[in-house]
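Following: one structure in structure tokens, then a few remarks.
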Amino acid sequence: MAFIIPKDYKQTLMPETTEQAIQFLKSSFQEKLARTLNLRRATAPLFVLRGTGINDDLNGVERAVTFPIKCMGDRPAEVVHSLAKWKRMKLGAYRIPAGYGLYTDMNAIRSDEDLDNLHSLYVDQWDWERTIKKENQNLDYLKKTVRQIYKLLKEIEESVYEHYPHITPSLPDDITFIHSEELLLTYPELTPRERENKAAQKFGAIFIIGIGGELSNGEIHDGRAPDYDDWSTVNSDGFKGLNGDIILWNEVLECAFEISSMGIRVDAEALTRQLEIRGCTERAELEFHKALLDGKLPLSIGGGIGQSRLCMFFLKKAHIGEVQASVWPAEQVEKCKQHNIFIL
């Protein structure tokens, strides 16, 4: 989205109080998440070695921040984009059984982001992963997990209202599930982003299923790497995909607001198929991919939940810089000052 200043925007909390609210929100949510999904905390890496296949390449075009390691012959390391594959390897290394998992307090740098109200160079999220059984690789299990997370979001919203009664709740009682193909059929004349806006405004909270797979018009709703989410398996609704995004309607910015990307992860069959679809079968020889194809990694479900996104939404902020410290274009900072939006 383009950078905007919402009409008649007013601060809900001053910067000092905002800092206290951020601490409260982050502490509360991660405790609830761990308890609800049976997760234990794991220490996350800031960077990984290049050439292992462990770093996530997101849409496949984003460049990782890279630096040489002097004492290792200048072997290049990359600052992580997210930890989808790293977490799955840890599930196997820690031998975490089905029904249990781990979460991390992940920090990343995405230097190719277009900076606006929602996007920052700095990414902070709760990356989580849980071991599952073969019989859980289905749409019903995915929906059940989404509903558990959405219930936590509702609880957090109520907690914010208890602490700050002037910040009133806005989320609907339930989240609505819709496939990216259904969105296309409903709004064929709109772009994917415009479809998200229409559906989010209509329902208040949606989970868009099947992001990454080709739609009937030959396009994809949004990019997904081929080696973590399963976006190609036919599900029980007759569409493709066992993954998706939790998207809320943001009343401050009047737009769709993604707060989580998640899904059932690829098994060996889905990985092979998706590498072929994306034309990158050479990845099968990388460390992570080879381990998965050799049956050395557990089946899993997982995702990421944006920490700053969560704070921004529930504290009714207009710019992500109000809840995190990062670097912004000078013209954005100046315009925010003019409208009493305080960038941290």
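Residues are referred to by chain and number: the chain letter is A, B, ... according to the order shown in the structure tokens, the number counts from 1 in that chain, and ligands are numbered separately from 1 in the order shown.
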| Exercise: Ile208 in chain A partners within 6 Å, only C-alpha atoms, chain neighbours under 5 positions left out, as JSON, numbers by chain | {"A": [178, 179, 180, 244, 245]}
Could you save the residues just selected, with all heavy atoms, as an mmCIF file, in the first residue's frame?
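File produced: again.cif:
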data_model
loop_
_atom_site.group_PDB
_atom_site.id
_atom_site.type_symbol
_atom_site.label_atom_id
_atom_site.label_comp_id
_atom_site.auth_asym_id
_atom_site.auth_seq_id
_atom_site.Cartn_x
_atom_site.Cartn_y
_atom_site.Cartn_z
ATOM 1 N N ILE A 178 -12.052 -18.497 3.467
ATOM 2 C CA ILE A 178 -12.347 -18.347 2.041
ATOM 3 C C ILE A 178 -11.099 -18.695 1.240
ATOM 4 O O ILE A 178 -9.981 -18.323 1.619
ATOM 5 C CB ILE A 178 -12.832 -16.911 1.733
ATOM 6 C CG1 ILE A 178 -13.267 -16.790 0.271
ATOM 7 C CG2 ILE A 178 -11.781 -15.888 2.097
ATOM 8 C CD1 ILE A 178 -14.050 -15.515 -0.014
ATOM 9 N N HIS A 179 -11.264 -19.433 0.170
ATOM 10 C CA HIS A 179 -10.128 -19.828 -0.648
ATOM 11 C C HIS A 179 -9.789 -18.713 -1.629
ATOM 12 O O HIS A 179 -10.665 -17.964 -2.073
ATOM 13 C CB HIS A 179 -10.429 -21.126 -1.405
ATOM 14 C CG HIS A 179 -9.219 -21.771 -1.983
ATOM 15 N ND1 HIS A 179 -8.670 -21.372 -3.186
ATOM 16 C CD2 HIS A 179 -8.416 -22.768 -1.529
ATOM 17 C CE1 HIS A 179 -7.598 -22.102 -3.438
ATOM 18 N NE2 HIS A 179 -7.420 -22.952 -2.446
ATOM 19 N N SER A 180 -8.518 -18.607 -1.967
ATOM 20 C CA SER A 180 -8.085 -17.568 -2.906
ATOM 21 C C SER A 180 -8.789 -17.693 -4.252
ATOM 22 O O SER A 180 -9.047 -16.689 -4.929
ATOM 23 C CB SER A 180 -6.567 -17.623 -3.091
ATOM 24 O OG SER A 180 -6.142 -18.920 -3.441
ATOM 25 N N GLY A 244 -2.349 -20.518 4.358
ATOM 26 C CA GLY A 244 -3.067 -19.271 4.151
ATOM 27 C C GLY A 244 -2.624 -18.160 5.078
ATOM 28 O O GLY A 244 -1.639 -18.291 5.814
ATOM 29 N N ASP A 245 -3.363 -17.047 5.035
ATOM 30 C CA ASP A 245 -3.068 -15.863 5.840
ATOM 31 C C ASP A 245 -4.273 -15.485 6.686
ATOM 32 O O ASP A 245 -5.416 -15.536 6.215
ATOM 33 C CB ASP A 245 -2.736 -14.658 4.945
ATOM 34 C CG ASP A 245 -1.395 -14.789 4.251
ATOM 35 O OD1 ASP A 245 -0.607 -15.678 4.634
ATOM 36 O OD2 ASP A 245 -1.137 -13.994 3.324
#
Do you know which residues are at most 7 Å from range 237-242 of chain A counting only C-alpha atoms, after dropping those on the same chain fewer than 2 positions away, and could you put them as a short mmCIF file (atom, residue, chain, number, x, y, z; two decimals) with C-alpha atoms, in the first residue's frame?
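See out_4.cif below for the written result:
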data_model
loop_
_atom_site.label_atom_id
_atom_site.label_comp_id
_atom_site.auth_asym_id
_atom_site.auth_seq_id
_atom_site.Cartn_x
_atom_site.Cartn_y
_atom_site.Cartn_z
CA ASN A 138 -5.77 -31.80 6.09
CA LEU A 139 -7.88 -28.67 5.87
CA LEU A 142 -5.56 -26.26 9.59
CA ILE A 209 -6.60 -20.44 1.92
CA GLY A 210 -4.27 -21.61 -0.82
CA ASP A 230 1.91 -26.82 1.12
CA TRP A 231 -0.03 -24.77 -1.43
CA SER A 232 -0.44 -27.49 -4.08
CA THR A 233 -2.23 -30.42 -2.42
CA VAL A 234 -5.95 -30.73 -3.22
CA ASN A 235 -7.92 -30.18 0.00
CA GLY A 263 0.12 -23.55 6.98
CA ILE A 264 0.67 -27.25 7.00
#
| said: Restricting the calculation to only C-alpha atoms: of A:Glu182, A:Glu189, A:Glu258, A:Glu135, which residue gets closest to His119 in chain A? | reply: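 Using only C-alpha atoms, His119 in chain A sits closest to A:Glu258.
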| task | Identify all residues of range 76-270 of chain A in helix (DSSP H, G or I) (DSSP on the backbone) and supply them as a PyMOL selection string. | result | chain A and resi 84-93+134-136+139-163+180-186+192-203+268-270
| query | If you run DSSP on the backbone, which residues of range 133-315 of chain A are strand (DSSP E), as a PyMOL selection string? | reply | chain A and resi 176-179+205-209+243-250+255-264+300-306
| message | Just to confirm, what's the straight-line distance from CA of Tyr103 in chain A to CA of Leu275 in chain A in Å (one decimal)? | response |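 Separating CA of Tyr103 in chain A from CA of Leu275 in chain A is a distance of 26.7 Å.
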| task | Tell me which protein, DNA and RNA residues are within 10 Å of Ile220 in chain A, counting only C-alpha atoms, leaving out same-chain ones fewer than 2 positions away, and put them as a ChimeraX atom specification. | result | /A:180-181,192,210-218,222-224
Per residue of range 238-323 of chain A within 8 Å of range 2-7 of chain A, note the shortest atom pair and the distance in Å to one decimal, counting only C-alpha atoms, and order the rows by chain and increasing residue number, as CSV.
residue,atom,partner,partner_atom,distance
A:Val252,CA,A:Pro6,CA,6.8
A:Leu253,CA,A:Pro6,CA,6.1
A:Ala318,CA,A:Pro6,CA,7.1
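Shell of Ile69 in chain A at 12 Å, with only C-alpha atoms counted and residues fewer than 6 places along the chain excluded, is Phe47, Val48, Leu49, Arg50, Arg75, Pro76, Ala77 and Glu78 of chain A.
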| With distances taken over only C-alpha atoms, which of A:Met106, A:Ile206, A:Ile277, A:Leu33 is nearest to Leu83 in chain A? |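 The answer is A:Met106, which sits nearest to Leu83 in chain A.
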| task | May I ask which of the residues A:His163, A:Leu248, A:Ser236, A:Gly306 is the closest one to Thr17 in chain A, counting only C-alpha atoms? | result | A:His163
| query | How many Å lie between CA of Gly92 in chain A and CA of Pro45 in chain A, rounded to one decimal? | reply | 16.8 Å
| task | Give the answer as one residue: which of A:Asn136, A:Thr52, A:Thr186, A:Ser326 has the shortest atom-to-atom distance to Arg283 in chain A, using only C-alpha atoms? | result | A:Thr52
| Nearest to Val266 in chain A: which of A:His319, A:Arg88, A:Arg278, A:Arg95 is it, counting only C-alpha atoms? |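 Under the stated criterion, the closest residue is A:Arg88.
Proximity to Lys290 in chain A was assessed for A:Ile54, A:Ile305, A:Val146, A:Val123 counting only C-alpha atoms; the smallest distance is recorded for A:Ile54.
Separating CA of Ala98 in chain A from CA of Ala205 in chain A is a distance of 28.8 Å.
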| query | Excluding same-chain residues fewer than 6 positions from Val327 in chain A, what lies within 9 Å of it counting only C-alpha atoms, as a ChimeraX atom specification? | reply | /A:120-122,321
Those selected residues, please, written with C-alpha atoms and delivered as a PDB file, in the first residue's frame.
ATOM      1  CA  SER A 120       9.395  -2.080   7.751  1.00  0.00           C
ATOM      2  CA  LEU A 121      12.982  -3.161   7.139  1.00  0.00           C
ATOM      3  CA  TYR A 122      12.876  -4.750  10.572  1.00  0.00           C
ATOM      4  CA  GLY A 321       6.916   2.948  13.332  1.00  0.00           C
TER       5      GLY A 321
END
